[in-house]
Each structure stands twice: as C-alpha cells, then as structure tokens.
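Heads up, the thing below is written out as structure tokens.
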Amino acid sequence: MTALTTDRLIRRPLVPQGAEAFISLRMSPPANRIGRAASRADAWRAFAVRVGNRALRACELLTIEGCRTGAILGSTGPWFAESPPRQTLGASLRSDVEERGIATEAGAARGQILHRLGWQTLVSHIAPANARSTRRTACLVAQAGPTSEALRGCPTHRYPTEVRP
Amino acid sequence: MIPTLKTERLTLRAPEPADFALYRDFYADATGSGNYVGPLRPDQAFQRLAADLGHWHLRGFGKWIITTGDGTAIGGCGIVHPVGWPSHELTWWLLPEMRGQGFATEASRAAILHACDTLRWPQVETHMRDNNAAARALAERLGGTIVRRETFPDGVTRDVFVLPRPEGAG
C-alpha cells in the first residue's frame, strides 16, 4: 500500500525504523485501551505481529505522521483475526494528540481499506471506559453492534459498508 | 530474504500462511506447549505465527519452520532476539509426536551453523527455565556450556548456555 496523505497527515506502512515510536505509543497511557503493553518486549512483539501480518494477510497497518513535523503520532489500519469478528479497524494515537481531531481524520482511511482489501464488513472494538474512542467512532457513523459480538468485554462498533474512497 | 536450510532429514524454510494449522494444533495442546507460553487460542496462535515472521523482517534472523522429507511441517527452530530482551536465544519447538527422534538437535545444528558461517556471529547462546529438562538436555547434547546465570525481564532467573559451532560441519 502506498502512502495516504491528507492536509495534516501522512499514513504509510510500518518500517523497522518505526519500532521505537510504536513501542512508546503502545506503552503510553491511557490504560483503558485494548492491548496496552506491559513491557518493551511485549510492545515490540506487538510491532512484530503487525509486520508479520502484512506478509501473511496483505493487510497493512499504517503509521500516522504529522505533515509539518514528520513526528509519528500513532497508527491505524486493518486487522484480520483468526476468529470472528475477523475484519477490524484499529487506531491508536499518542495521548497528547488525542483531542485534535487527528484520529477522526486518520479513521477516514476506512473507505480505502474496504476498497483495497475487498472486505464486506469492518468493525472496531472499544473498551467501555474509553470515552474518547467511543465518541470518535460515533463521528465516523459506526453503529453499535449486537452484544454477542463484543470482544473480551469491549463492544463492537460496525462501520457502514457503502463507504468508498 | 529468508534462507532455506537443508539437513540430512529436514528442511528449514520461511514461515508462510498455511503454517497457521501447525501453530494452531501445537498451541491447542496444553501439555505439549506448556514450555512455550501455551496453551493459546487459535487467534493467539495466529499472532505467534505473525510475530515469528515479523521477527525476520525486523531483525534479519528468526525462526524457521521445520519440515520432513515429504514436506510435512513438524515444528520450528531458529534464533530470536526480541527488543527489550537482553540477549539472543536459540529456540526450537516440535509437535509432541515428533519428539525423541533427534529432529530438534538436527535443526539446531543447522541454525547454529547459519549464525556462525552466514551471520558471522562469534557465538550462539540459549537459555531455559530450570524445570525445562528437555531444553537443558538438548543444550548439553549440542555441546553447550553454562556461562552465566541471569535474571530476565520477566523476573525468571535462567542458566545461559553458549553453544559451539557443530564439529565436523562445513
């Protein structure tokens, strides 16, 4: 996947040099995120999982970089799990950029994801205590899914499938 | 990018999507995978496969899939060094029904030779929990000697073995 660029953001594939930024992101608060890493080794393993997933599934996590500074602000992208619900959209951002609308802008990549991968459905799971992500996802017109689809206590938010780039 | 190694009975090759079945079956067995953070759910086993493949891309070395002469995948072997961990480690795992036939020793020798001759490493290390008798026996069979005892980031103290380049090879 080539880089996706908006006025403020560049989204591009993970590169090995991005490991430290990903580790720092993965270990930073808030603690109510799904998958917060307890150690550097755990955070690096999560990075390796995503790099490997690109080769196995051809679905690619992207780093989110600020156009002006080049700083890595977070990551977003599709995840294809082995058990249902299989096709999910994830996003995580550095805690100091959460409130600037960056995640919403980054999440708008979902249209391209659906189109490029040919997926029919796309969901996110958000911890009930993570009010910011829930609010952000509501902005992306995701609908709360049935309780039966919750993942380890985190409700499913289903994106409309008619979205196209 | 990931080299293929051949031994007398085995091929060590890159992990690929179809190896999910091997990971799923191995990690579903609590007894067989107990020394390898198992048992794991299928989605967790998939993440192990993805992490093992990602390790190659990030580090330039990693764990191969071990296959027998007819191409059957029976386990894995290689050298790993996750960021956040103090040292590298030769590691191996086999489906329970494939143990006791010298496959882990044969695959390990090939992995050590690759490290010494291709990566030009001065030495290869491995470490294991005190109660992992099978891993300790294999390290000794490979001619390993204990060079230090170290407490790792997970709080577990382990003996660290240095493994010599296999004699009579290459």
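Naming scheme: A, B, ... for chains in displayed order of the structure tokens; residues 1 onward per chain; ligands 1 onward as shown.
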For the contact check between chain B and chain A, emit one row per residue of chain B within 9 Å, containing the shortest atom pair and the distance in Å rounded to one decimal, counting only C-alpha atoms, chain then rising number order, as a Markdown table.
```
| residue | atom | partner | partner_atom | distance |
| --- | --- | --- | --- | --- |
| B:Glu16 | CA | A:Leu56 | CA | 6.7 |
| B:Pro17 | CA | A:Leu56 | CA | 5.4 |
| B:Pro42 | CA | A:Glu82 | CA | 6.5 |
| B:Asp43 | CA | A:Glu82 | CA | 4.8 |
| B:Gln44 | CA | A:Glu82 | CA | 8.4 |
| B:Ala45 | CA | A:Glu82 | CA | 8.9 |
| B:Phe46 | CA | A:Glu82 | CA | 6.7 |
| B:Gln47 | CA | A:Val49 | CA | 5.9 |
| B:Arg48 | CA | A:Val49 | CA | 7.3 |
| B:Leu49 | CA | A:Gly52 | CA | 7.7 |
| B:Ala50 | CA | A:Gly52 | CA | 4.2 |
| B:Ala51 | CA | A:Val49 | CA | 3.9 |
| B:Asp52 | CA | A:Gly52 | CA | 7.2 |
| B:Leu53 | CA | A:Gly52 | CA | 4.9 |
| B:Gly54 | CA | A:Gly52 | CA | 3.8 |
| B:His55 | CA | A:Ala48 | CA | 5.7 |
| B:Trp56 | CA | A:Gly52 | CA | 8.5 |
| B:His57 | CA | A:Val51 | CA | 7.4 |
| B:Leu58 | CA | A:Pro16 | CA | 5.5 |
| B:Arg59 | CA | A:Pro16 | CA | 8.5 |
| B:Pro82 | CA | A:Ala41 | CA | 6.2 |
| B:Val83 | CA | A:Ala41 | CA | 5.6 |
| B:Gly84 | CA | A:Ala41 | CA | 4.4 |
| B:Trp85 | CA | A:Ala41 | CA | 6.3 |
| B:Pro153 | CA | A:Ala41 | CA | 8.4 |
```
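You can rank B:Glu106, B:Glu8, B:Asp159, B:Glu97 by their closest distance to Arg136 (chain B) using only C-alpha atoms, and at the top of that list sits B:Asp159.
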List every residue of region 18-150 of chain B that DSSP, applied to the backbone, labels as helix (DSSP H, G or I), and write the result as number ranges by chain. B: 18-28, 34-36, 42-59, 96-98, 103-118, 133-141
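Neighbouring residues of Gly32 (chain B) at 10 Å or closer, counting only C-alpha atoms and skipping chain neighbours under 5 positions away, are Asp25, Phe26, Tyr27, Gly38, Pro39, Trp93, Leu94, Leu95, Pro96 and Glu97 of chain B.
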